[in-house]
file query.cif (mmCIF, C-alpha atoms and all ligand atoms)
data_entry
#
loop_
_atom_site.group_PDB
_atom_site.id
_atom_site.type_symbol
_atom_site.label_atom_id
_atom_site.label_comp_id
_atom_site.auth_asym_id
_atom_site.auth_seq_id
_atom_site.Cartn_x
_atom_site.Cartn_y
_atom_site.Cartn_z
ATOM 1 C CA MET A 1 -14.611 -12.827 -2.373
ATOM 2 C CA SER A 2 -15.564 -9.964 -0.135
ATOM 3 C CA ASN A 3 -16.661 -9.242 3.383
ATOM 4 C CA SER A 4 -20.228 -9.372 2.185
ATOM 5 C CA THR A 5 -19.767 -12.978 1.053
ATOM 6 C CA PHE A 6 -18.537 -13.823 4.554
ATOM 7 C CA GLU A 7 -21.639 -12.066 5.911
ATOM 8 C CA GLN A 8 -23.968 -13.905 3.550
ATOM 9 C CA ILE A 9 -22.406 -17.233 4.519
ATOM 10 C CA GLY A 10 -22.623 -16.314 8.214
ATOM 11 C CA LYS A 11 -26.323 -15.565 7.757
ATOM 12 C CA VAL A 12 -26.973 -18.866 5.941
ATOM 13 C CA LEU A 13 -25.160 -20.780 8.688
ATOM 14 C CA ARG A 14 -27.323 -19.184 11.385
ATOM 15 C CA GLU A 15 -30.644 -19.391 9.533
ATOM 16 C CA HIS A 16 -30.618 -23.045 8.469
ATOM 17 C CA GLN A 17 -30.624 -26.252 10.500
ATOM 18 C CA HIS A 18 -29.369 -29.236 8.482
ATOM 19 C CA PHE A 19 -25.859 -29.133 7.060
ATOM 20 C CA ALA A 20 -23.483 -31.438 5.214
ATOM 21 C CA ILE A 21 -19.805 -30.497 5.253
ATOM 22 C CA LEU A 22 -17.839 -32.197 2.495
ATOM 23 C CA GLY A 23 -14.211 -32.434 1.428
ATOM 24 C CA HIS A 24 -12.227 -33.845 -1.480
ATOM 25 C CA VAL A 25 -11.337 -37.487 -2.107
ATOM 26 C CA ARG A 26 -7.899 -38.608 -0.903
ATOM 27 C CA PRO A 27 -8.206 -35.960 1.818
ATOM 28 C CA ASP A 28 -5.278 -34.168 3.424
ATOM 29 C CA GLY A 29 -4.926 -32.433 6.777
ATOM 30 C CA ASP A 30 -6.382 -29.201 5.418
ATOM 31 C CA ALA A 31 -9.559 -30.843 4.124
ATOM 32 C CA LEU A 32 -10.148 -32.956 7.252
ATOM 33 C CA GLY A 33 -9.181 -30.264 9.779
ATOM 34 C CA SER A 34 -11.290 -27.618 8.023
ATOM 35 C CA GLN A 35 -14.295 -29.937 7.808
ATOM 36 C CA LEU A 36 -14.124 -30.799 11.512
ATOM 37 C CA ALA A 37 -13.505 -27.210 12.620
ATOM 38 C CA LEU A 38 -16.513 -25.811 10.788
ATOM 39 C CA ALA A 39 -18.661 -28.755 11.895
ATOM 40 C CA LEU A 40 -17.753 -28.184 15.561
ATOM 41 C CA SER A 41 -18.570 -24.500 15.290
ATOM 42 C CA LEU A 42 -21.974 -25.288 13.771
ATOM 43 C CA GLU A 43 -22.566 -27.975 16.379
ATOM 44 C CA GLN A 44 -22.052 -25.321 19.067
ATOM 45 C CA LEU A 45 -24.755 -23.280 17.330
ATOM 46 C CA GLY A 46 -27.103 -26.231 17.841
ATOM 47 C CA LYS A 47 -27.139 -27.292 14.193
ATOM 48 C CA ASP A 48 -27.537 -30.784 12.765
ATOM 49 C CA VAL A 49 -24.254 -31.378 10.937
ATOM 50 C CA ARG A 50 -23.072 -34.317 8.814
ATOM 51 C CA VAL A 51 -19.380 -34.455 7.986
ATOM 52 C CA TRP A 52 -18.665 -36.686 5.021
ATOM 53 C CA ASN A 53 -15.664 -37.728 3.015
ATOM 54 C CA GLU A 54 -15.409 -40.523 0.439
ATOM 55 C CA ASP A 55 -12.438 -41.956 2.327
ATOM 56 C CA GLY A 56 -13.722 -41.321 5.846
ATOM 57 C CA MET A 57 -11.277 -40.362 8.601
ATOM 58 C CA LEU A 58 -7.685 -41.402 7.920
ATOM 59 C CA GLU A 59 -5.747 -43.311 10.575
ATOM 60 C CA LYS A 60 -3.087 -40.611 10.417
ATOM 61 C CA TYR A 61 -5.513 -37.842 11.396
ATOM 62 C CA SER A 62 -7.626 -39.812 13.836
ATOM 63 C CA PHE A 63 -6.008 -37.867 16.713
ATOM 64 C CA LEU A 64 -7.831 -34.688 15.629
ATOM 65 C CA PRO A 65 -10.392 -33.557 18.229
ATOM 66 C CA ARG A 66 -13.828 -35.097 17.555
ATOM 67 C CA ALA A 67 -12.429 -36.999 14.559
ATOM 68 C CA GLU A 68 -15.299 -39.481 14.939
ATOM 69 C CA LEU A 69 -17.718 -36.881 13.559
ATOM 70 C CA LEU A 70 -16.211 -37.347 10.105
ATOM 71 C CA THR A 71 -17.480 -40.490 8.414
ATOM 72 C CA LYS A 72 -17.528 -42.086 4.996
ATOM 73 C CA SER A 73 -20.352 -40.736 2.876
ATOM 74 C CA PRO A 74 -23.507 -42.849 3.269
ATOM 75 C CA ALA A 75 -24.720 -44.943 0.338
ATOM 76 C CA ARG A 76 -28.215 -43.460 0.595
ATOM 77 C CA ALA A 77 -28.658 -39.812 -0.321
ATOM 78 C CA HIS A 78 -29.719 -37.415 2.476
ATOM 79 C CA HIS A 79 -31.493 -34.123 2.046
ATOM 80 C CA VAL A 80 -29.882 -31.186 3.776
ATOM 81 C CA ASP A 81 -30.573 -27.468 3.769
ATOM 82 C CA VAL A 82 -27.009 -26.464 3.049
ATOM 83 C CA ALA A 83 -24.097 -28.372 1.521
ATOM 84 C CA ILE A 84 -20.628 -26.947 2.107
ATOM 85 C CA ALA A 85 -17.659 -28.057 0.001
ATOM 86 C CA LEU A 86 -14.278 -27.298 1.564
ATOM 87 C CA ASP A 87 -10.823 -27.351 -0.060
ATOM 88 C CA THR A 88 -12.280 -28.928 -3.204
ATOM 89 C CA ALA A 89 -11.240 -27.405 -6.537
ATOM 90 C CA ILE A 90 -13.690 -29.353 -8.703
ATOM 91 C CA GLN A 91 -17.116 -30.445 -7.460
ATOM 92 C CA ASN A 92 -16.531 -33.958 -8.845
ATOM 93 C CA ARG A 93 -13.581 -34.316 -6.492
ATOM 94 C CA LEU A 94 -16.123 -34.677 -3.694
ATOM 95 C CA GLY A 95 -16.623 -38.227 -5.000
ATOM 96 C CA THR A 96 -19.276 -40.192 -3.121
ATOM 97 C CA ALA A 97 -19.781 -37.259 -0.737
ATOM 98 C CA LEU A 98 -21.352 -35.355 -3.630
ATOM 99 C CA ALA A 99 -23.791 -38.212 -4.313
ATOM 100 C CA ALA A 100 -24.655 -38.406 -0.596
ATOM 101 C CA VAL A 101 -26.265 -34.966 -0.771
ATOM 102 C CA GLY A 102 -29.722 -35.732 -2.149
ATOM 103 C CA SER A 103 -30.514 -32.085 -2.558
ATOM 104 C CA ALA A 104 -29.528 -28.864 -0.891
ATOM 105 C CA LYS A 105 -31.190 -25.464 -1.054
ATOM 106 C CA ILE A 106 -27.820 -23.778 -0.953
ATOM 107 C CA TRP A 107 -24.313 -24.860 -1.977
ATOM 108 C CA ILE A 108 -21.358 -23.111 -0.361
ATOM 109 C CA ASN A 109 -17.870 -23.474 -1.864
ATOM 110 C CA ILE A 110 -14.898 -22.416 0.289
ATOM 111 C CA ASP A 111 -11.469 -23.093 -1.176
ATOM 112 C CA HIS A 112 -8.022 -21.743 -2.016
ATOM 113 C CA HIS A 113 -7.251 -23.576 -5.288
ATOM 114 C CA LEU A 114 -6.441 -21.442 -8.321
ATOM 115 C CA SER A 115 -8.273 -23.869 -10.611
ATOM 116 C CA ASN A 116 -11.571 -23.702 -8.679
ATOM 117 C CA PRO A 117 -14.173 -22.458 -11.202
ATOM 118 C CA GLY A 118 -16.435 -21.109 -8.438
ATOM 119 C CA TYR A 119 -19.268 -23.651 -8.449
ATOM 120 C CA GLY A 120 -22.074 -23.159 -5.919
ATOM 121 C CA ASP A 121 -24.321 -20.330 -4.708
ATOM 122 C CA LEU A 122 -21.971 -18.704 -2.205
ATOM 123 C CA VAL A 123 -18.327 -18.880 -3.113
ATOM 124 C CA ILE A 124 -15.090 -17.904 -1.420
ATOM 125 C CA VAL A 125 -12.028 -18.919 -3.399
ATOM 126 C CA ASP A 126 -9.110 -17.116 -1.782
ATOM 127 C CA VAL A 127 -5.999 -18.070 -3.728
ATOM 128 C CA SER A 128 -3.815 -16.032 -1.370
ATOM 129 C CA ALA A 129 -4.727 -18.272 1.574
ATOM 130 C CA PRO A 130 -2.162 -21.040 2.096
ATOM 131 C CA ALA A 131 -4.835 -23.311 3.540
ATOM 132 C CA THR A 132 -8.604 -23.562 3.528
ATOM 133 C CA GLY A 133 -8.240 -23.674 7.324
ATOM 134 C CA GLU A 134 -7.143 -20.031 7.226
ATOM 135 C CA ILE A 135 -10.353 -19.040 5.407
ATOM 136 C CA ILE A 136 -12.436 -20.992 7.936
ATOM 137 C CA PHE A 137 -10.661 -19.104 10.727
ATOM 138 C CA ASN A 138 -11.518 -15.812 9.000
ATOM 139 C CA LEU A 139 -15.132 -16.901 8.610
ATOM 140 C CA ILE A 140 -15.486 -17.963 12.252
ATOM 141 C CA THR A 141 -13.885 -14.817 13.665
ATOM 142 C CA SER A 142 -15.463 -12.313 11.270
ATOM 143 C CA GLN A 143 -18.973 -13.734 11.811
ATOM 144 C CA GLY A 144 -18.637 -14.296 15.550
ATOM 145 C CA LEU A 145 -19.229 -18.043 15.197
ATOM 146 C CA PRO A 146 -18.429 -20.349 18.138
ATOM 147 C CA PHE A 147 -14.738 -21.072 18.738
ATOM 148 C CA ASN A 148 -13.070 -23.396 21.238
ATOM 149 C CA HIS A 149 -9.981 -25.547 21.848
ATOM 150 C CA ASP A 150 -11.123 -28.387 19.584
ATOM 151 C CA ILE A 151 -11.863 -26.021 16.709
ATOM 152 C CA ALA A 152 -8.479 -24.339 17.203
ATOM 153 C CA GLU A 153 -6.584 -27.644 17.119
ATOM 154 C CA ASN A 154 -8.310 -28.748 13.905
ATOM 155 C CA LEU A 155 -7.568 -25.426 12.229
ATOM 156 C CA TYR A 156 -3.960 -25.470 13.421
ATOM 157 C CA ALA A 157 -3.499 -28.957 11.938
ATOM 158 C CA ALA A 158 -5.099 -27.814 8.667
ATOM 159 C CA ILE A 159 -2.826 -24.794 8.343
ATOM 160 C CA SER A 160 0.342 -26.533 9.545
ATOM 161 C CA THR A 161 0.005 -29.397 7.052
ATOM 162 C CA ASP A 162 -0.991 -27.299 4.025
ATOM 163 C CA THR A 163 1.892 -24.855 4.561
ATOM 164 C CA GLY A 164 4.449 -27.660 4.990
ATOM 165 C CA SER A 165 4.895 -26.551 8.617
ATOM 166 C CA PHE A 166 4.767 -22.836 7.773
ATOM 167 C CA GLN A 167 7.358 -23.088 4.992
ATOM 168 C CA TYR A 168 5.593 -22.744 1.630
ATOM 169 C CA PRO A 169 5.553 -19.347 -0.133
ATOM 170 C CA ASN A 170 1.889 -18.524 0.597
ATOM 171 C CA THR A 171 2.723 -18.542 4.309
ATOM 172 C CA SER A 172 2.254 -14.902 5.286
ATOM 173 C CA ALA A 173 2.445 -12.698 8.353
ATOM 174 C CA ARG A 174 -1.297 -13.201 8.556
ATOM 175 C CA THR A 175 -0.770 -16.991 8.669
ATOM 176 C CA PHE A 176 1.526 -16.628 11.682
ATOM 177 C CA GLU A 177 -0.919 -14.225 13.334
ATOM 178 C CA ILE A 178 -3.698 -16.772 12.895
ATOM 179 C CA ALA A 179 -1.452 -19.553 14.208
ATOM 180 C CA ALA A 180 -0.583 -17.408 17.221
ATOM 181 C CA GLU A 181 -4.257 -16.721 17.860
ATOM 182 C CA LEU A 182 -5.074 -20.441 17.594
ATOM 183 C CA VAL A 183 -2.298 -21.327 20.032
ATOM 184 C CA ARG A 184 -3.218 -18.545 22.472
ATOM 185 C CA ALA A 185 -7.011 -18.631 22.371
ATOM 186 C CA GLY A 186 -7.217 -22.379 21.893
ATOM 187 C CA GLY A 187 -4.599 -23.179 24.515
ATOM 188 C CA LEU A 188 -2.824 -25.499 22.072
ATOM 189 C CA ASP A 189 0.206 -27.672 22.795
ATOM 190 C CA VAL A 190 2.163 -27.132 19.553
ATOM 191 C CA GLY A 191 4.790 -29.752 20.335
ATOM 192 C CA LYS A 192 2.159 -32.395 20.926
ATOM 193 C CA ILE A 193 0.248 -31.599 17.731
ATOM 194 C CA SER A 194 3.467 -31.572 15.694
ATOM 195 C CA ARG A 195 4.526 -34.946 17.091
ATOM 196 C CA GLN A 196 1.166 -36.387 16.075
ATOM 197 C CA LEU A 197 1.385 -34.812 12.627
ATOM 198 C CA TYR A 198 5.047 -35.359 11.770
ATOM 199 C CA GLU A 199 6.571 -37.928 14.123
ATOM 200 C CA ASN A 200 3.962 -40.617 14.240
ATOM 201 C CA TYR A 201 4.196 -42.319 10.852
ATOM 202 C CA PRO A 202 3.905 -46.066 10.471
ATOM 203 C CA ARG A 203 7.136 -47.877 9.594
ATOM 204 C CA ARG A 204 5.708 -48.864 6.187
ATOM 205 C CA ARG A 205 5.809 -45.219 5.096
ATOM 206 C CA LEU A 206 9.597 -45.245 5.332
ATOM 207 C CA GLU A 207 9.686 -48.619 3.579
ATOM 208 C CA LEU A 208 7.584 -47.025 0.849
ATOM 209 C CA LEU A 209 10.049 -44.141 0.595
ATOM 210 C CA ARG A 210 12.893 -46.648 0.187
ATOM 211 C CA GLU A 211 11.083 -48.241 -2.775
ATOM 212 C CA LEU A 212 10.239 -44.852 -4.306
ATOM 213 C CA LEU A 213 13.880 -43.765 -4.116
ATOM 214 C CA ARG A 214 14.870 -46.864 -6.124
ATOM 215 C CA THR A 215 12.754 -45.484 -9.007
ATOM 216 C CA MET A 216 14.064 -41.901 -8.704
ATOM 217 C CA ARG A 217 14.874 -40.172 -11.999
ATOM 218 C CA PHE A 218 16.422 -36.810 -12.808
ATOM 219 C CA SER A 219 16.063 -35.036 -16.131
ATOM 220 C CA ALA A 220 16.314 -31.604 -17.784
ATOM 221 C CA HIS A 221 19.769 -31.074 -16.286
ATOM 222 C CA ASP A 222 18.585 -32.233 -12.877
ATOM 223 C CA ARG A 223 15.850 -29.592 -12.774
ATOM 224 C CA VAL A 224 13.124 -32.248 -12.835
ATOM 225 C CA ALA A 225 13.047 -35.081 -10.315
ATOM 226 C CA SER A 226 10.468 -37.854 -10.193
ATOM 227 C CA PHE A 227 9.669 -41.207 -8.698
ATOM 228 C CA SER A 228 6.851 -43.664 -9.146
ATOM 229 C CA LEU A 229 4.767 -46.200 -7.282
ATOM 230 C CA SER A 230 3.405 -49.262 -9.076
ATOM 231 C CA LEU A 231 0.347 -51.179 -7.922
ATOM 232 C CA LYS A 232 2.595 -54.171 -7.286
ATOM 233 C CA THR A 233 4.897 -52.285 -4.905
ATOM 234 C CA ALA A 234 1.898 -50.733 -3.166
ATOM 235 C CA ALA A 235 0.403 -54.202 -2.671
ATOM 236 C CA ASP A 236 3.708 -55.762 -1.537
ATOM 237 C CA LEU A 237 4.081 -53.097 1.171
ATOM 238 C CA SER A 238 0.347 -52.933 2.038
ATOM 239 C CA VAL A 239 0.518 -49.201 1.455
ATOM 240 C CA LEU A 240 -2.448 -46.996 2.361
ATOM 241 C CA PRO A 241 -3.162 -44.039 0.061
ATOM 242 C CA GLU A 242 -2.389 -41.618 2.913
ATOM 243 C CA ASP A 243 1.135 -43.049 3.380
ATOM 244 C CA ASN A 244 2.570 -41.081 0.482
ATOM 245 C CA GLU A 245 1.366 -37.631 1.588
ATOM 246 C CA GLY A 246 4.450 -35.413 1.730
ATOM 247 C CA LEU A 247 6.982 -37.883 0.312
ATOM 248 C CA ILE A 248 7.298 -35.751 -2.825
ATOM 249 C CA ASP A 249 8.949 -33.123 -0.608
ATOM 250 C CA HIS A 250 12.109 -35.263 -0.581
ATOM 251 C CA LEU A 251 12.441 -34.574 -4.332
ATOM 252 C CA ARG A 252 11.538 -30.915 -4.011
ATOM 253 C CA ALA A 253 14.193 -30.489 -1.306
ATOM 254 C CA VAL A 254 17.057 -31.316 -3.663
ATOM 255 C CA ARG A 255 19.229 -28.331 -4.696
ATOM 256 C CA GLY A 256 18.658 -27.413 -8.341
ATOM 257 C CA VAL A 257 15.354 -29.260 -8.638
ATOM 258 C CA ILE A 258 12.587 -26.966 -9.893
ATOM 259 C CA VAL A 259 9.826 -29.479 -10.524
ATOM 260 C CA ALA A 260 9.194 -32.631 -8.496
ATOM 261 C CA VAL A 261 6.766 -35.261 -9.738
ATOM 262 C CA PHE A 262 5.234 -38.310 -8.125
ATOM 263 C CA PHE A 263 3.522 -40.919 -10.308
ATOM 264 C CA GLU A 264 1.172 -43.393 -8.669
ATOM 265 C CA GLU A 265 -0.456 -46.214 -10.620
ATOM 266 C CA LEU A 266 -4.185 -46.507 -9.812
ATOM 267 C CA VAL A 267 -6.512 -49.493 -10.141
ATOM 268 C CA ASP A 268 -8.730 -47.767 -12.715
ATOM 269 C CA GLY A 269 -6.128 -47.696 -15.506
ATOM 270 C CA LYS A 270 -5.062 -44.170 -14.635
ATOM 271 C CA VAL A 271 -1.980 -42.705 -13.041
ATOM 272 C CA ARG A 272 -2.214 -40.124 -10.281
ATOM 273 C CA VAL A 273 0.313 -37.383 -10.933
ATOM 274 C CA SER A 274 1.379 -35.001 -8.153
ATOM 275 C CA MET A 275 3.559 -32.056 -9.080
ATOM 276 C CA ARG A 276 5.449 -29.443 -7.074
ATOM 277 C CA SER A 277 7.325 -26.390 -8.318
ATOM 278 C CA LYS A 278 9.890 -24.243 -6.532
ATOM 279 C CA ASP A 279 9.674 -21.398 -9.062
ATOM 280 C CA GLU A 280 6.596 -19.149 -9.532
ATOM 281 C CA ALA A 281 7.559 -18.917 -13.231
ATOM 282 C CA VAL A 282 6.926 -22.654 -13.599
ATOM 283 C CA ASP A 283 3.175 -23.006 -13.061
ATOM 284 C CA VAL A 284 2.467 -26.674 -12.395
ATOM 285 C CA CYS A 285 -1.272 -25.947 -12.141
ATOM 286 C CA ALA A 286 -1.222 -24.965 -15.831
ATOM 287 C CA ILE A 287 0.729 -28.125 -16.701
ATOM 288 C CA CYS A 288 -1.698 -30.332 -14.769
ATOM 289 C CA GLN A 289 -4.693 -28.605 -16.351
ATOM 290 C CA LYS A 290 -3.394 -29.807 -19.743
ATOM 291 C CA PHE A 291 -3.897 -33.315 -18.384
ATOM 292 C CA GLY A 292 -7.344 -32.606 -16.937
ATOM 293 C CA GLY A 293 -6.165 -31.764 -13.422
ATOM 294 C CA GLY A 294 -5.531 -28.572 -11.458
ATOM 295 C CA GLY A 295 -4.451 -27.124 -8.132
ATOM 296 C CA HIS A 296 -2.134 -24.295 -7.150
ATOM 297 C CA THR A 297 0.725 -22.623 -9.043
ATOM 298 C CA LEU A 298 3.332 -24.490 -6.968
ATOM 299 C CA ALA A 299 1.407 -27.650 -6.110
ATOM 300 C CA ALA A 300 -0.966 -29.424 -8.447
ATOM 301 C CA GLY A 301 -2.127 -32.807 -9.643
ATOM 302 C CA ALA A 302 -3.964 -34.780 -12.312
ATOM 303 C CA ARG A 303 -5.227 -38.278 -13.036
ATOM 304 C CA VAL A 304 -4.030 -39.389 -16.461
ATOM 305 C CA ARG A 305 -5.139 -42.463 -18.403
ATOM 306 C CA GLY A 306 -2.384 -44.855 -19.493
ATOM 307 C CA SER A 307 0.298 -47.129 -18.103
ATOM 308 C CA LEU A 308 2.826 -45.855 -15.602
ATOM 309 C CA ALA A 309 5.545 -45.745 -18.278
ATOM 310 C CA GLU A 310 3.337 -43.964 -20.837
ATOM 311 C CA VAL A 311 2.141 -41.317 -18.419
ATOM 312 C CA GLU A 312 5.642 -40.713 -17.045
ATOM 313 C CA GLU A 313 6.917 -40.175 -20.567
ATOM 314 C CA LYS A 314 4.095 -37.808 -21.608
ATOM 315 C CA VAL A 315 4.119 -35.724 -18.437
ATOM 316 C CA LEU A 316 7.911 -35.399 -18.136
ATOM 317 C CA GLU A 317 8.067 -34.370 -21.806
ATOM 318 C CA GLU A 318 5.508 -31.618 -21.160
ATOM 319 C CA ILE A 319 7.470 -30.343 -18.141
ATOM 320 C CA ARG A 320 10.717 -30.315 -20.128
ATOM 321 C CA ASP A 321 8.948 -28.288 -22.873
ATOM 322 C CA VAL A 322 7.736 -25.742 -20.325
ATOM 323 C CA LEU A 323 11.242 -25.424 -18.819
ATOM 324 C CA LYS A 324 12.779 -25.048 -22.294
ATOM 325 C CA ARG A 325 10.356 -22.248 -23.193
ATOM 326 C CA GLY A 326 11.163 -20.495 -19.929
ATOM 327 C CA SER A 327 14.947 -20.683 -20.160
HETATM 328 MN MN MN A 401 -5.838 -27.103 0.992
#

call {"tool": "encode", "arguments": {"input": "query.cif", "output": "C-alpha cells", "more": "lines below"}}
Ligand SMILES: [Mn+2]
result
Amino acid sequence: MSNSTFEQIGKVLREHQHFAILGHVRPDGDALGSQLALALSLEQLGKDVRVWNEDGMLEKYSFLPRAELLTKSPARAHHVDVAIALDTAIQNRLGTALAAVGSAKIWINIDHHLSNPGYGDLVIVDVSAPATGEIIFNLITSQGLPFNHDIAENLYAAISTDTGSFQYPNTSARTFEIAAELVRAGGLDVGKISRQLYENYPRRRLELLRELLRTMRFSAHDRVASFSLSLKTAADLSVLPEDNEGLIDHLRAVRGVIVAVFFEELVDGKVRVSMRSKDEAVDVCAICQKFGGGGHTLAAGARVRGSLAEVEEKVLEEIRDVLKRGS
C-alpha cells in the first residue's frame, strides 16, 4: 500500500459512474459503517452506488445514518463499473454480494486483515489499521473526497466497534486523532452513538450470554477459555446471528486467559469458530488458517466441518499444542 494506490483509487472513484460497495457475510460495525461511509461520499460526487451485503442491514446497526442504502444483495446480477470489497479477507466471504456483481471493469480491495491475499486490481491491505473505517477515512481525506456528518458517524461507529471502544492493541495515536477529527468535523454526539452501539441490546442477548456461560470451559491451566452455542439453544432463544457479536470478550476479560474461543453450531454441518488472543506471541490467525479460516493476529475465525463436540475437541487441542510449544 502506498500513497500512489490511494491516488489511483481516488482517480477510479472520480472517473467511473456505477459502483457496488460490498462487505463480508455476518457483517460487523466496521464492515457496515465503512460501506455506508464510502457510499455516502460517492453519492455526494453524483455517482450511482449500490451497497450490498448478504445479510442486509442488521437491526443493531439500523441507527447508522442512511442505513437504508445498504440492502441484501439482489438475486439477479448487476453490471457495475467498479466493485469495491471492504473489510473482507477472502473474496468468497462476500457471499451473495459477490454473485450480485455480474461483471466489473475494476475490483478494489480495501481491508486490514493479515490473511487477505490481495485479490483485486487495486489493493490496500493495511494490517496496522485497527479498522477498515480508518483506511476509508485516510482515503477520503487524502483524495479530497466529500465528507459530512453522516459519513463521520458511520466511520466513528466502524472504528469504535472494531477497536473494542478504543481498547485493542492496534488502537494508535493516529486512531485517536482520526476519532477526534470525526467528532470535531462531523459534529458527532459521542455519548449518543455509544448508547446506540453499546447500551441498546435486546434482552435476548443477555439471555444468550447466560446460556453460553453454562457451557463455559477452562483448559491449559486456565489459559484457554471457551463456550459454545448449539442450534437448539439458538432456536430456543430465537437468537439472531448478530446477538453474539462481542460476547467472546467476557472470556477474554478473565485474568490469566490468553486465548478465548467461541464455538457456534451452524445449519450446514459446520461450526463457526471465533478466537481471540491477548498475547502477540499466540497468533490465532495462524491457528485459524490451519482450519481454513483467517483474520488478525489477535482476532480470527474459521468454519470447521464436524459436530460441535468434535470441532471443540480438535480446535482446543491445537490451541493447547501452540501454547505448549510457546511455554
Ligand atoms: Mn474490520

call {"tool": "closest_residue", "arguments": {"input": "query.cif", "among": "A:Val80, A:Leu70, A:Ala300, A:Ala281", "to": "Leu323 of chain A", "atoms": "all atoms listed in the file"}}
result
A:Ala281

call {"tool": "closest_atom_pairs", "arguments": {"input": "query.cif", "of": "chain A", "to": "ligand MN 401 (chain A)", "cutoff": "9 Å", "atoms": "only C-alpha atoms and all ligand atoms", "output": "Markdown table"}}
result
| residue | atom | partner | partner_atom | distance |
| --- | --- | --- | --- | --- |
| A:Asp28 | CA | A:MN401 | MN | 7.5 |
| A:Gly29 | CA | A:MN401 | MN | 7.9 |
| A:Asp30 | CA | A:MN401 | MN | 4.9 |
| A:Ala31 | CA | A:MN401 | MN | 6.1 |
| A:Ser34 | CA | A:MN401 | MN | 8.9 |
| A:Leu86 | CA | A:MN401 | MN | 8.5 |
| A:Asp87 | CA | A:MN401 | MN | 5.1 |
| A:Thr88 | CA | A:MN401 | MN | 7.9 |
| A:Asp111 | CA | A:MN401 | MN | 7.2 |
| A:His112 | CA | A:MN401 | MN | 6.5 |
| A:His113 | CA | A:MN401 | MN | 7.3 |
| A:Ala129 | CA | A:MN401 | MN | 8.9 |
| A:Pro130 | CA | A:MN401 | MN | 7.2 |
| A:Ala131 | CA | A:MN401 | MN | 4.7 |
| A:Thr132 | CA | A:MN401 | MN | 5.2 |
| A:Gly133 | CA | A:MN401 | MN | 7.6 |
| A:Ala158 | CA | A:MN401 | MN | 7.7 |
| A:Ile159 | CA | A:MN401 | MN | 8.3 |
| A:Thr161 | CA | A:MN401 | MN | 8.7 |
| A:Asp162 | CA | A:MN401 | MN | 5.7 |
| A:Thr163 | CA | A:MN401 | MN | 8.8 |

call {"tool": "resolve_selection", "arguments": {"input": "query.cif", "expression": "the PyMOL selection byres (((chain A and resi 273) around 7) and not hetatm)", "output": "ChimeraX atom specification"}}
result
/A:261-264,271-272,274-275,301-303

call {"tool": "resolve_selection", "arguments": {"input": "query.cif", "expression": "the PyMOL selection byres (((chain A and resi 16) around 12) and not hetatm)", "output": "list of chain:residue names"}}
result
A:Ile9, A:Gly10, A:Lys11, A:Val12, A:Leu13, A:Arg14, A:Glu15, A:Gln17, A:His18, A:Phe19, A:Ala20, A:Leu42, A:Leu45, A:Gly46, A:Lys47, A:Asp48, A:Val49, A:Val80, A:Asp81, A:Val82, A:Ala83, A:Ala104, A:Lys105, A:Ile106

call {"tool": "write_last_selection", "arguments": {"input": "query.cif", "atoms": "C-alpha atoms", "output": "PDB file, in the coordinates of the input"}}
result
ATOM      1  CA  ILE A   9     -22.406 -17.233   4.519  1.00  0.00           C
ATOM      2  CA  GLY A  10     -22.623 -16.314   8.214  1.00  0.00           C
ATOM      3  CA  LYS A  11     -26.323 -15.565   7.757  1.00  0.00           C
ATOM      4  CA  VAL A  12     -26.973 -18.866   5.941  1.00  0.00           C
ATOM      5  CA  LEU A  13     -25.160 -20.780   8.688  1.00  0.00           C
ATOM      6  CA  ARG A  14     -27.323 -19.184  11.385  1.00  0.00           C
ATOM      7  CA  GLU A  15     -30.644 -19.391   9.533  1.00  0.00           C
ATOM      8  CA  GLN A  17     -30.624 -26.252  10.500  1.00  0.00           C
ATOM      9  CA  HIS A  18     -29.369 -29.236   8.482  1.00  0.00           C
ATOM     10  CA  PHE A  19     -25.859 -29.133   7.060  1.00  0.00           C
ATOM     11  CA  ALA A  20     -23.483 -31.438   5.214  1.00  0.00           C
ATOM     12  CA  LEU A  42     -21.974 -25.288  13.771  1.00  0.00           C
ATOM     13  CA  LEU A  45     -24.755 -23.280  17.330  1.00  0.00           C
ATOM     14  CA  GLY A  46     -27.103 -26.231  17.841  1.00  0.00           C
ATOM     15  CA  LYS A  47     -27.139 -27.292  14.193  1.00  0.00           C
ATOM     16  CA  ASP A  48     -27.537 -30.784  12.765  1.00  0.00           C
ATOM     17  CA  VAL A  49     -24.254 -31.378  10.937  1.00  0.00           C
ATOM     18  CA  VAL A  80     -29.882 -31.186   3.776  1.00  0.00           C
ATOM     19  CA  ASP A  81     -30.573 -27.468   3.769  1.00  0.00           C
ATOM     20  CA  VAL A  82     -27.009 -26.464   3.049  1.00  0.00           C
ATOM     21  CA  ALA A  83     -24.097 -28.372   1.521  1.00  0.00           C
ATOM     22  CA  ALA A 104     -29.528 -28.864  -0.891  1.00  0.00           C
ATOM     23  CA  LYS A 105     -31.190 -25.464  -1.054  1.00  0.00           C
ATOM     24  CA  ILE A 106     -27.820 -23.778  -0.953  1.00  0.00           C
TER      25      ILE A 106
END

call {"tool": "atom_distance", "arguments": {"input": "query.cif", "atom1": "atom CA of Gln196 of chain A", "atom2": "atom CA of Ile248 of chain A"}}
result
19.9 Å

call {"tool": "closest_residue", "arguments": {"input": "query.cif", "among": "A:Thr175, A:Arg210, A:Tyr168, A:Lys314", "to": "Asn138 of chain A", "atoms": "all atoms listed in the file"}}
result
A:Thr175

call {"tool": "closest_residue", "arguments": {"input": "query.cif", "among": "A:Ser226, A:Asn170, A:Asn200, A:Thr141", "to": "Leu298 of chain A", "atoms": "all atoms listed in the file"}}
result
A:Asn170

call {"tool": "closest_residue", "arguments": {"input": "query.cif", "among": "A:Ala97, A:Ala39, A:Cys288, A:Leu22", "to": "Leu155 of chain A", "atoms": "only C-alpha atoms"}}
result
A:Ala39

call {"tool": "closest_residue", "arguments": {"input": "query.cif", "among": "A:Ala299, A:Ala157, A:Ile319, A:Leu213", "to": "Tyr198 of chain A", "atoms": "all atoms listed in the file"}}
result
A:Ala157

call {"tool": "resolve_selection", "arguments": {"input": "query.cif", "expression": "the PyMOL selection byres (((chain A and resi 265-267) around 6) and not hetatm)", "output": "CSV table (one decimal) with C-alpha atoms, keeping the file's coordinate frame"}}
result
chain,number,residue,atom,x,y,z
A,230,SER,CA,3.4,-49.3,-9.1
A,231,LEU,CA,0.3,-51.2,-7.9
A,264,GLU,CA,1.2,-43.4,-8.7
A,268,ASP,CA,-8.7,-47.8,-12.7
A,269,GLY,CA,-6.1,-47.7,-15.5
A,270,LYS,CA,-5.1,-44.2,-14.6
A,271,VAL,CA,-2.0,-42.7,-13.0
A,308,LEU,CA,2.8,-45.9,-15.6
